[in-house]
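Next up, my_file_38.txt (compact mmCIF, C-alpha atoms):
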```
# COMPACT_ATOMS: atom_id res chain seq x y z
CA MET A 1 47.41 94.83 -106.22
CA ASP A 2 48.42 98.45 -106.58
CA GLU A 3 52.10 98.50 -105.72
CA GLN A 4 54.57 96.77 -108.03
CA GLU A 5 55.90 93.63 -106.38
CA LYS A 6 59.34 92.10 -106.92
CA PRO A 7 59.30 89.26 -109.43
CA LEU A 8 59.85 85.66 -108.47
CA SER A 9 62.14 83.91 -110.92
CA LEU A 10 62.33 80.14 -111.24
CA VAL A 11 64.92 78.17 -113.17
CA LEU A 12 63.34 74.79 -113.86
CA PHE A 13 65.95 72.13 -114.54
CA SER A 14 64.29 68.90 -113.37
CA GLY A 15 61.59 67.41 -115.55
CA THR A 16 59.89 65.07 -113.08
CA ASP A 17 56.21 65.61 -112.35
CA ASP A 18 56.73 66.16 -108.61
CA LYS A 19 59.28 68.95 -109.06
CA LEU A 20 57.27 70.55 -111.86
CA ASN A 21 54.22 70.43 -109.63
CA ALA A 22 56.07 72.04 -106.71
CA ALA A 23 57.27 74.78 -109.06
CA ALA A 24 53.75 75.30 -110.44
CA VAL A 25 52.33 75.67 -106.92
CA LEU A 26 54.94 78.35 -106.12
CA THR A 27 54.06 80.08 -109.38
CA VAL A 28 50.36 80.16 -108.54
CA GLY A 29 51.10 81.47 -105.05
CA ALA A 30 53.36 84.25 -106.27
CA SER A 31 51.03 85.30 -109.07
CA VAL A 32 47.90 85.45 -106.91
CA MET A 33 49.82 87.61 -104.43
CA GLY A 34 50.67 90.06 -107.17
CA ARG A 35 54.24 89.06 -107.96
CA PRO A 36 55.28 88.66 -111.60
CA VAL A 37 56.85 85.23 -112.21
CA ASN A 38 59.65 84.51 -114.68
CA ILE A 39 60.26 80.85 -115.54
CA PHE A 40 63.38 79.72 -117.40
CA LEU A 41 63.21 76.15 -118.73
CA GLN A 42 66.40 74.17 -118.99
CA TYR A 43 67.39 70.57 -119.67
CA TYR A 44 64.81 68.00 -118.55
CA ALA A 45 62.21 70.58 -117.55
CA LEU A 46 62.29 71.94 -121.10
CA ASP A 47 61.68 68.45 -122.45
CA ALA A 48 58.50 68.20 -120.35
CA PHE A 49 57.19 71.33 -122.14
CA ARG A 50 57.51 69.85 -125.61
CA ALA A 51 54.24 69.97 -127.56
CA GLY A 52 52.26 66.80 -126.91
CA ASN A 53 54.52 65.80 -124.03
CA VAL A 54 53.01 67.90 -121.21
CA GLU A 55 50.38 65.36 -120.20
CA ALA A 56 52.78 62.42 -120.40
CA ASP A 57 54.12 60.64 -117.35
CA HIS A 58 57.37 62.38 -116.40
CA ALA A 59 58.09 60.05 -113.47
CA LEU A 60 59.06 61.22 -110.00
CA ASP A 61 62.32 62.40 -108.53
CA PRO A 62 64.54 59.50 -107.34
CA GLU A 63 64.10 60.96 -103.85
CA ALA A 64 60.57 59.48 -103.82
CA THR A 65 60.75 56.19 -101.94
CA PRO A 66 58.76 53.13 -103.07
CA ALA A 67 56.35 53.92 -100.24
CA GLN A 68 56.01 57.62 -101.15
CA ALA A 69 55.71 57.32 -104.93
CA PRO A 70 52.18 55.83 -105.02
CA VAL A 71 51.00 58.40 -102.47
CA VAL A 72 52.30 61.25 -104.63
CA ARG A 73 50.78 59.78 -107.78
CA ALA A 74 47.38 59.17 -106.13
CA HIS A 75 47.05 62.72 -104.77
CA ARG A 76 44.06 64.57 -106.19
CA GLY A 77 45.93 67.84 -106.78
CA GLN A 78 45.83 69.45 -110.19
CA HIS A 79 48.37 68.77 -112.93
CA TRP A 80 51.26 71.24 -113.06
CA SER A 81 50.23 72.41 -116.52
CA ASP A 82 46.74 73.34 -115.25
CA LEU A 83 48.25 75.23 -112.31
CA LEU A 84 50.50 77.16 -114.68
CA LYS A 85 47.52 78.02 -116.91
CA GLN A 86 45.62 79.32 -113.88
CA ALA A 87 48.64 81.35 -112.77
CA LYS A 88 48.81 82.91 -116.24
CA GLU A 89 45.10 83.81 -116.09
CA VAL A 90 45.40 85.45 -112.68
CA GLY A 91 48.80 87.11 -112.89
CA GLU A 92 51.83 87.89 -114.95
CA VAL A 93 53.73 84.68 -115.72
CA ASN A 94 56.40 84.63 -118.40
CA ILE A 95 57.72 81.19 -119.40
CA GLN A 96 60.88 81.20 -121.50
CA ALA A 97 62.86 78.31 -122.94
CA CYS A 98 66.64 78.43 -122.45
CA ALA A 99 68.26 78.94 -125.86
CA LEU A 100 71.13 76.62 -124.97
CA SER A 101 68.80 73.78 -123.97
CA MET A 102 66.72 74.35 -127.13
CA ASP A 103 69.90 73.93 -129.17
CA MET A 104 70.97 70.86 -127.18
CA PHE A 105 67.70 69.02 -127.88
CA HIS A 106 67.37 70.40 -131.44
CA LEU A 107 64.08 72.13 -130.61
CA ARG A 108 62.31 75.10 -132.20
CA GLN A 109 59.50 77.19 -130.76
CA LYS A 110 56.93 75.23 -132.81
CA ASP A 111 58.05 72.07 -130.99
CA LEU A 112 57.00 73.53 -127.63
CA ASP A 113 53.68 73.65 -125.81
CA PRO A 114 51.81 77.01 -126.08
CA LEU A 115 52.45 77.52 -122.34
CA VAL A 116 55.97 78.56 -123.37
CA ASP A 117 56.01 82.25 -124.31
CA GLY A 118 59.36 82.34 -126.07
CA ILE A 119 63.03 81.45 -126.24
CA GLU A 120 65.71 83.54 -124.61
CA GLY A 121 69.32 83.46 -123.53
CA VAL A 122 70.48 83.54 -119.95
CA ALA A 123 71.44 87.22 -120.06
CA ALA A 124 67.92 88.18 -121.13
CA PHE A 125 66.53 86.03 -118.31
CA MET A 126 68.77 87.88 -115.84
CA THR A 127 67.35 91.16 -117.10
CA SER A 128 63.88 89.89 -116.18
CA VAL A 129 65.15 88.71 -112.78
CA GLY A 130 66.38 92.20 -111.90
CA ASP A 131 67.08 92.28 -108.18
CA GLY A 132 64.40 89.66 -107.38
CA GLN A 133 65.07 86.16 -106.14
CA VAL A 134 65.99 83.14 -108.31
CA LEU A 135 65.03 79.63 -107.32
CA PHE A 136 66.63 76.65 -109.06
CA ILE A 137 64.42 73.56 -109.08
CA MET B 1 25.96 84.09 -89.51
CA SER B 2 22.38 83.63 -90.63
CA THR B 3 22.06 87.39 -91.15
CA ILE B 4 24.74 87.49 -93.85
CA GLN B 5 23.27 87.27 -97.31
CA ILE B 6 25.39 85.13 -99.61
CA ASP B 7 25.26 85.93 -103.32
CA LYS B 8 27.24 82.91 -104.43
CA THR B 9 28.42 79.72 -102.75
CA ILE B 10 31.45 77.86 -104.09
CA ASP B 11 31.62 74.31 -102.82
CA ALA B 12 35.32 73.46 -103.10
CA ARG B 13 35.28 70.70 -100.52
CA GLY B 14 37.65 67.89 -101.53
CA MET B 15 39.75 70.16 -103.74
CA ALA B 16 43.47 70.27 -103.07
CA CYS B 17 45.44 73.44 -102.35
CA PRO B 18 45.34 75.95 -104.07
CA GLY B 19 42.07 74.98 -105.79
CA PRO B 20 39.59 76.61 -103.38
CA LEU B 21 41.51 79.91 -103.44
CA MET B 22 41.67 79.86 -107.23
CA ASN B 23 37.91 79.26 -107.43
CA LEU B 24 37.30 82.20 -105.08
CA ILE B 25 39.56 84.47 -107.14
CA GLY B 26 37.70 83.49 -110.30
CA ALA B 27 34.31 84.17 -108.72
CA ILE B 28 35.38 87.55 -107.31
CA ARG B 29 36.78 88.64 -110.65
CA GLN B 30 33.49 87.89 -112.36
CA GLY B 31 31.32 89.29 -109.56
CA GLN B 32 30.06 92.79 -108.77
CA VAL B 33 31.43 95.07 -106.06
CA GLY B 34 29.40 94.55 -102.89
CA GLN B 35 28.54 90.92 -103.61
CA THR B 36 29.27 88.35 -100.93
CA PHE B 37 30.85 84.99 -101.72
CA GLU B 38 31.10 81.89 -99.61
CA VAL B 39 33.74 79.22 -100.21
CA LEU B 40 33.40 75.83 -98.55
CA SER B 41 36.84 74.27 -98.25
CA SER B 42 38.28 71.22 -96.52
CA ASP B 43 41.81 72.20 -97.58
CA GLU B 44 44.02 73.17 -94.63
CA GLY B 45 45.92 75.63 -96.82
CA SER B 46 42.76 77.69 -97.33
CA LYS B 47 42.85 78.74 -93.66
CA THR B 48 46.00 80.76 -94.30
CA ASP B 49 45.76 81.37 -98.04
CA ILE B 50 42.27 82.82 -98.34
CA PRO B 51 42.75 85.49 -95.60
CA ALA B 52 46.23 86.29 -97.02
CA TRP B 53 44.88 86.78 -100.54
CA VAL B 54 41.84 88.74 -99.35
CA ALA B 55 44.11 91.16 -97.46
CA LYS B 56 46.52 91.49 -100.37
CA ALA B 57 43.78 92.01 -102.94
CA LYS B 58 42.06 94.50 -100.60
CA GLN B 59 38.82 92.53 -100.52
CA GLU B 60 36.83 92.10 -97.30
CA MET B 61 37.09 88.98 -95.11
CA VAL B 62 33.64 88.89 -93.54
CA GLU B 63 33.82 85.69 -91.54
CA VAL B 64 35.46 82.27 -91.27
CA VAL B 65 33.04 79.69 -89.89
CA PRO B 66 34.52 76.33 -88.83
CA GLU B 67 32.28 73.39 -89.65
CA ASP B 68 32.75 69.65 -89.24
CA GLY B 69 35.61 68.75 -91.58
CA PHE B 70 35.60 72.02 -93.51
CA ALA B 71 35.28 75.78 -93.10
CA ARG B 72 33.12 78.48 -94.66
CA PHE B 73 35.08 81.51 -95.85
CA ILE B 74 32.80 84.48 -96.40
CA VAL B 75 34.31 87.23 -98.52
CA ARG B 76 32.81 90.47 -99.85
CA LYS B 77 34.03 91.95 -103.11
CA ALA B 78 35.15 95.40 -101.99
CA ARG B 79 36.69 96.71 -105.21
```
Could the structure of this file be written out as structure tokens, please?
Amino acid sequence: MDEQEKPLSLVLFSGTDDKLNAAAVLTVGASVMGRPVNIFLQYYALDAFRAGNVEADHALDPEATPAQAPVVRAHRGQHWSDLLKQAKEVGEVNIQACALSMDMFHLRQKDLDPLVDGIEGVAAFMTSVGDGQVLFI
Amino acid sequence: MSTIQIDKTIDARGMACPGPLMNLIGAIRQGQVGQTFEVLSSDEGSKTDIPAWVAKAKQEMVEVVPEDGFARFIVRKAR
């Protein structure tokens, strides 16, 4: 991984386990391929990263049909929090909580899981994004 | 195939994507340059992911051996 790759930046808005898992898989993929990953946690995704809440059941997106939901839940894939930990071990993954969402839910850094590296505003996040891509999930 | 000496085998059969790749990355990071690793994977994603990562990380893809229901990915730590 000699050359500097463009970062991948993810805005996580949804807090359901399926969307968090999809985001975590993208994060692992980007980080193993040498791309720094910036994650900005807003709204319901931020809530899923509260200390003690990561392992809880965060339900599935309403898009999951009654037939699909049990299939998704029964899949043997790893939990999104484990994937994010692996991505952090292998690559450069920076997870920041949106200051506005922190304020909305009356949260402080100590209320968040250690996976979260800090709290920042949207302008600071955009500085990290640079001219890389942003995905909103 | 039988002539290749394997230093470490990682049996990741049954693991979901990207588990087998992550196990390989972990083994290569801890290994010595020149060592040869073998990953057994039944994950379809490994067929594209392991060669893609090996090329990107400038390691050496020695061989991919299809077996019944899984494949053996043989990788040498080149750097």
Which residues of chain A come within 10 Å of chain B, and what is each one's closest atom pair and distance in Å (one decimal), counting all atoms listed in the file, sorted by chain and residue number, as JSON lines?
```
{"residue": "A:Met1", "atom": "CA", "partner": "B:Ala57", "partner_atom": "CA", "distance": 5.6}
{"residue": "A:Asp2", "atom": "CA", "partner": "B:Ala57", "partner_atom": "CA", "distance": 8.7}
{"residue": "A:Val25", "atom": "CA", "partner": "B:Pro18", "partner_atom": "CA", "distance": 7.6}
{"residue": "A:Val28", "atom": "CA", "partner": "B:Pro18", "partner_atom": "CA", "distance": 7.9}
{"residue": "A:Gly29", "atom": "CA", "partner": "B:Pro18", "partner_atom": "CA", "distance": 8.0}
{"residue": "A:Val32", "atom": "CA", "partner": "B:Trp53", "partner_atom": "CA", "distance": 7.2}
{"residue": "A:Met33", "atom": "CA", "partner": "B:Trp53", "partner_atom": "CA", "distance": 6.3}
{"residue": "A:Gly34", "atom": "CA", "partner": "B:Lys56", "partner_atom": "CA", "distance": 8.1}
{"residue": "A:His75", "atom": "CA", "partner": "B:Ala16", "partner_atom": "CA", "distance": 8.5}
{"residue": "A:Arg76", "atom": "CA", "partner": "B:Ala16", "partner_atom": "CA", "distance": 6.5}
{"residue": "A:Gly77", "atom": "CA", "partner": "B:Ala16", "partner_atom": "CA", "distance": 5.1}
{"residue": "A:Gln78", "atom": "CA", "partner": "B:Ala16", "partner_atom": "CA", "distance": 7.5}
{"residue": "A:Leu83", "atom": "CA", "partner": "B:Pro18", "partner_atom": "CA", "distance": 8.8}
{"residue": "A:Gln86", "atom": "CA", "partner": "B:Met22", "partner_atom": "CA", "distance": 7.8}
{"residue": "A:Ala87", "atom": "CA", "partner": "B:Met22", "partner_atom": "CA", "distance": 9.0}
{"residue": "A:Glu89", "atom": "CA", "partner": "B:Gly26", "partner_atom": "CA", "distance": 9.4}
{"residue": "A:Val90", "atom": "CA", "partner": "B:Ile25", "partner_atom": "CA", "distance": 8.1}
```
Could you take the residues named above and write them with C-alpha atoms, as a CSV table (one decimal), in the frame of the given file?
```
chain,number,residue,atom,x,y,z
A,1,MET,CA,47.4,94.8,-106.2
A,2,ASP,CA,48.4,98.4,-106.6
A,25,VAL,CA,52.3,75.7,-106.9
A,28,VAL,CA,50.4,80.2,-108.5
A,29,GLY,CA,51.1,81.5,-105.0
A,32,VAL,CA,47.9,85.4,-106.9
A,33,MET,CA,49.8,87.6,-104.4
A,34,GLY,CA,50.7,90.1,-107.2
A,75,HIS,CA,47.0,62.7,-104.8
A,76,ARG,CA,44.1,64.6,-106.2
A,77,GLY,CA,45.9,67.8,-106.8
A,78,GLN,CA,45.8,69.4,-110.2
A,83,LEU,CA,48.2,75.2,-112.3
A,86,GLN,CA,45.6,79.3,-113.9
A,87,ALA,CA,48.6,81.4,-112.8
A,89,GLU,CA,45.1,83.8,-116.1
A,90,VAL,CA,45.4,85.4,-112.7
```
Exercise for the section: Could you check how far atom CA of A:Gln4 sits from atom CA of B:Phe73, in Å to one decimal? Expected result: 27.6 Å
Exercise for the section: Show which residues sit within 8 Å of B:Val64, as number ranges by chain. Count all atoms listed in the file, and ignore same-chain residues fewer than 6 positions away. Expected result: B: 71-74
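The space between atom CA of A:Thr27 and atom CA of A:Leu84 spans 7.0 Å.
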Problem - Distance of atom CA of B:Ala78 from atom CA of B:Thr36, expressed in Å to one decimal place - result: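 According to the coordinates, atom CA of B:Thr36 and atom CA of B:Ala78 are separated by 9.2 Å.
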Exercise for the section: Counting only C-alpha atoms, figure out which residue out of A:Glu5, A:Asp18, A:Asp47, A:Glu92 gets nearest to A:Leu112. Expected result: A:Asp47
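Taking all atoms listed in the file, the non-local environment of B:Gln5 within 12 Å (same-chain residues fewer than 5 positions away omitted) comprises B:Gly34, B:Gln35, B:Thr36, B:Phe37, B:Glu38, B:Val62, B:Ile74, B:Val75, B:Arg76.
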Written selection (C-alpha atoms) as a PDB file, in the coordinates of the input:
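Written file, again_21.pdb:
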```pdb
ATOM      1  CA  GLY B  34      29.400  94.550-102.890  1.00  0.00           C
ATOM      2  CA  GLN B  35      28.540  90.920-103.610  1.00  0.00           C
ATOM      3  CA  THR B  36      29.270  88.350-100.930  1.00  0.00           C
ATOM      4  CA  PHE B  37      30.850  84.990-101.720  1.00  0.00           C
ATOM      5  CA  GLU B  38      31.100  81.890 -99.610  1.00  0.00           C
ATOM      6  CA  VAL B  62      33.640  88.890 -93.540  1.00  0.00           C
ATOM      7  CA  ILE B  74      32.800  84.480 -96.400  1.00  0.00           C
ATOM      8  CA  VAL B  75      34.310  87.230 -98.520  1.00  0.00           C
ATOM      9  CA  ARG B  76      32.810  90.470 -99.850  1.00  0.00           C
TER      10      ARG B  76
END
```
Practice task
Within 12 Å of (67.5, 78.9, -111.4) (coordinates as in the file), grab all the protein and nucleic acid residues, counting only C-alpha atoms, and write them out as a PyMOL selection string.
Solution key: chain A and resi 8-14+23+38-43+45+98+122+125-126+129+132-137
Practice task
Considering only C-alpha atoms, return as a ChimeraX atom specification whatever protein or nucleic-acid residues lie within 12 Å of stretch 62-74 of chain A, sequence-local ones (same chain, fewer than 6 positions apart) excluded.
Solution key: /A:14-19,21-22
For the selection you just gave me, I'd like the residues written to a file as an mmCIF file, keeping the file's coordinate frame, keeping C-alpha atoms.
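Writing done, so here's again-v4.cif:
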```
data_model
loop_
_atom_site.group_PDB
_atom_site.id
_atom_site.type_symbol
_atom_site.label_atom_id
_atom_site.label_comp_id
_atom_site.auth_asym_id
_atom_site.auth_seq_id
_atom_site.Cartn_x
_atom_site.Cartn_y
_atom_site.Cartn_z
ATOM 1 C CA SER A 14 64.290 68.900 -113.370
ATOM 2 C CA GLY A 15 61.590 67.410 -115.550
ATOM 3 C CA THR A 16 59.890 65.070 -113.080
ATOM 4 C CA ASP A 17 56.210 65.610 -112.350
ATOM 5 C CA ASP A 18 56.730 66.160 -108.610
ATOM 6 C CA LYS A 19 59.280 68.950 -109.060
ATOM 7 C CA ASN A 21 54.220 70.430 -109.630
ATOM 8 C CA ALA A 22 56.070 72.040 -106.710
#
```
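Restricting the calculation to only C-alpha atoms, the smallest distance between A:Pro114 and any of A:Phe49, A:Asp131, A:Tyr44, A:Lys6 is found for A:Phe49.
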Could you give me stretch 14-47 of chain B completed to N, CA and C atoms, formatted as a PDB file, keeping the file's coordinate frame?
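In the end it all went to result33.pdb:
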```pdb
ATOM      1  N   GLY B  14      36.977  68.995-100.840  1.00  0.00           N
ATOM      2  CA  GLY B  14      37.650  67.890-101.530  1.00  0.00           C
ATOM      3  C   GLY B  14      38.720  68.364-102.494  1.00  0.00           C
ATOM      4  N   MET B  15      38.707  69.650-102.843  1.00  0.00           N
ATOM      5  CA  MET B  15      39.750  70.160-103.740  1.00  0.00           C
ATOM      6  C   MET B  15      41.040  70.354-102.990  1.00  0.00           C
ATOM      7  N   ALA B  16      42.151  70.085-103.676  1.00  0.00           N
ATOM      8  CA  ALA B  16      43.470  70.270-103.070  1.00  0.00           C
ATOM      9  C   ALA B  16      43.905  71.722-103.200  1.00  0.00           C
ATOM     10  N   CYS B  17      44.792  72.133-102.300  1.00  0.00           N
ATOM     11  CA  CYS B  17      45.440  73.440-102.350  1.00  0.00           C
ATOM     12  C   CYS B  17      46.144  73.602-103.688  1.00  0.00           C
ATOM     13  N   PRO B  18      46.051  74.714-104.391  1.00  0.00           N
ATOM     14  CA  PRO B  18      45.340  75.950-104.070  1.00  0.00           C
ATOM     15  C   PRO B  18      43.978  76.077-104.752  1.00  0.00           C
ATOM     16  N   GLY B  19      43.325  74.959-105.037  1.00  0.00           N
ATOM     17  CA  GLY B  19      42.070  74.980-105.790  1.00  0.00           C
ATOM     18  C   GLY B  19      40.980  75.877-105.225  1.00  0.00           C
ATOM     19  N   PRO B  20      40.651  75.761-103.922  1.00  0.00           N
ATOM     20  CA  PRO B  20      39.590  76.610-103.380  1.00  0.00           C
ATOM     21  C   PRO B  20      39.885  78.110-103.527  1.00  0.00           C
ATOM     22  N   LEU B  21      41.130  78.497-103.285  1.00  0.00           N
ATOM     23  CA  LEU B  21      41.510  79.910-103.440  1.00  0.00           C
ATOM     24  C   LEU B  21      41.331  80.339-104.893  1.00  0.00           C
ATOM     25  N   MET B  22      41.760  79.485-105.824  1.00  0.00           N
ATOM     26  CA  MET B  22      41.670  79.860-107.230  1.00  0.00           C
ATOM     27  C   MET B  22      40.194  80.012-107.653  1.00  0.00           C
ATOM     28  N   ASN B  23      39.333  79.148-107.121  1.00  0.00           N
ATOM     29  CA  ASN B  23      37.910  79.260-107.430  1.00  0.00           C
ATOM     30  C   ASN B  23      37.326  80.563-106.884  1.00  0.00           C
ATOM     31  N   LEU B  24      37.763  80.931-105.668  1.00  0.00           N
ATOM     32  CA  LEU B  24      37.300  82.200-105.080  1.00  0.00           C
ATOM     33  C   LEU B  24      37.755  83.378-105.938  1.00  0.00           C
ATOM     34  N   ILE B  25      39.022  83.361-106.338  1.00  0.00           N
ATOM     35  CA  ILE B  25      39.560  84.470-107.140  1.00  0.00           C
ATOM     36  C   ILE B  25      38.751  84.600-108.439  1.00  0.00           C
ATOM     37  N   GLY B  26      38.474  83.463-109.059  1.00  0.00           N
ATOM     38  CA  GLY B  26      37.700  83.490-110.300  1.00  0.00           C
ATOM     39  C   GLY B  26      36.317  84.076-110.092  1.00  0.00           C
ATOM     40  N   ALA B  27      35.665  83.684-108.996  1.00  0.00           N
ATOM     41  CA  ALA B  27      34.310  84.170-108.720  1.00  0.00           C
ATOM     42  C   ALA B  27      34.317  85.671-108.428  1.00  0.00           C
ATOM     43  N   ILE B  28      35.315  86.119-107.664  1.00  0.00           N
ATOM     44  CA  ILE B  28      35.380  87.550-107.310  1.00  0.00           C
ATOM     45  C   ILE B  28      35.638  88.389-108.554  1.00  0.00           C
ATOM     46  N   ARG B  29      36.482  87.888-109.425  1.00  0.00           N
ATOM     47  CA  ARG B  29      36.780  88.640-110.650  1.00  0.00           C
ATOM     48  C   ARG B  29      35.534  88.828-111.510  1.00  0.00           C
ATOM     49  N   GLN B  30      34.688  87.806-111.515  1.00  0.00           N
ATOM     50  CA  GLN B  30      33.490  87.890-112.360  1.00  0.00           C
ATOM     51  C   GLN B  30      32.327  88.581-111.657  1.00  0.00           C
ATOM     52  N   GLY B  31      32.438  88.744-110.327  1.00  0.00           N
ATOM     53  CA  GLY B  31      31.320  89.290-109.560  1.00  0.00           C
ATOM     54  C   GLY B  31      31.274  90.812-109.582  1.00  0.00           C
ATOM     55  N   GLN B  32      30.254  91.343-108.874  1.00  0.00           N
ATOM     56  CA  GLN B  32      30.060  92.790-108.770  1.00  0.00           C
ATOM     57  C   GLN B  32      30.546  93.252-107.402  1.00  0.00           C
ATOM     58  N   VAL B  33      31.027  94.487-107.343  1.00  0.00           N
ATOM     59  CA  VAL B  33      31.430  95.070-106.060  1.00  0.00           C
ATOM     60  C   VAL B  33      30.229  95.064-105.116  1.00  0.00           C
ATOM     61  N   GLY B  34      30.468  94.618-103.889  1.00  0.00           N
ATOM     62  CA  GLY B  34      29.400  94.550-102.890  1.00  0.00           C
ATOM     63  C   GLY B  34      28.819  93.161-102.733  1.00  0.00           C
ATOM     64  N   GLN B  35      29.073  92.294-103.711  1.00  0.00           N
ATOM     65  CA  GLN B  35      28.540  90.920-103.610  1.00  0.00           C
ATOM     66  C   GLN B  35      29.341  90.121-102.580  1.00  0.00           C
ATOM     67  N   THR B  36      28.656  89.172-101.960  1.00  0.00           N
ATOM     68  CA  THR B  36      29.270  88.350-100.930  1.00  0.00           C
ATOM     69  C   THR B  36      29.373  86.904-101.415  1.00  0.00           C
ATOM     70  N   PHE B  37      30.555  86.352-101.252  1.00  0.00           N
ATOM     71  CA  PHE B  37      30.850  84.990-101.720  1.00  0.00           C
ATOM     72  C   PHE B  37      31.180  84.114-100.531  1.00  0.00           C
ATOM     73  N   GLU B  38      30.816  82.864-100.669  1.00  0.00           N
ATOM     74  CA  GLU B  38      31.100  81.890 -99.610  1.00  0.00           C
ATOM     75  C   GLU B  38      31.823  80.721-100.261  1.00  0.00           C
ATOM     76  N   VAL B  39      32.994  80.374 -99.716  1.00  0.00           N
ATOM     77  CA  VAL B  39      33.740  79.220-100.210  1.00  0.00           C
ATOM     78  C   VAL B  39      33.720  78.158 -99.128  1.00  0.00           C
ATOM     79  N   LEU B  40      33.309  76.958 -99.477  1.00  0.00           N
ATOM     80  CA  LEU B  40      33.400  75.830 -98.550  1.00  0.00           C
ATOM     81  C   LEU B  40      34.655  75.066 -98.921  1.00  0.00           C
ATOM     82  N   SER B  41      35.564  74.927 -97.946  1.00  0.00           N
ATOM     83  CA  SER B  41      36.840  74.270 -98.250  1.00  0.00           C
ATOM     84  C   SER B  41      37.250  73.347 -97.118  1.00  0.00           C
ATOM     85  N   SER B  42      37.719  72.160 -97.505  1.00  0.00           N
ATOM     86  CA  SER B  42      38.280  71.220 -96.520  1.00  0.00           C
ATOM     87  C   SER B  42      39.802  71.227 -96.583  1.00  0.00           C
ATOM     88  N   ASP B  43      40.354  72.110 -97.409  1.00  0.00           N
ATOM     89  CA  ASP B  43      41.810  72.200 -97.580  1.00  0.00           C
ATOM     90  C   ASP B  43      42.407  73.030 -96.444  1.00  0.00           C
ATOM     91  N   GLU B  44      43.377  72.468 -95.746  1.00  0.00           N
ATOM     92  CA  GLU B  44      44.020  73.170 -94.630  1.00  0.00           C
ATOM     93  C   GLU B  44      44.674  74.470 -95.092  1.00  0.00           C
ATOM     94  N   GLY B  45      45.228  74.447 -96.302  1.00  0.00           N
ATOM     95  CA  GLY B  45      45.920  75.630 -96.820  1.00  0.00           C
ATOM     96  C   GLY B  45      45.005  76.833 -96.948  1.00  0.00           C
ATOM     97  N   SER B  46      43.709  76.580 -97.177  1.00  0.00           N
ATOM     98  CA  SER B  46      42.760  77.690 -97.330  1.00  0.00           C
ATOM     99  C   SER B  46      42.731  78.576 -96.094  1.00  0.00           C
ATOM    100  N   LYS B  47      42.943  77.978 -94.913  1.00  0.00           N
ATOM    101  CA  LYS B  47      42.850  78.740 -93.660  1.00  0.00           C
ATOM    102  C   LYS B  47      43.858  79.875 -93.620  1.00  0.00           C
TER     103      LYS B  47
END
```
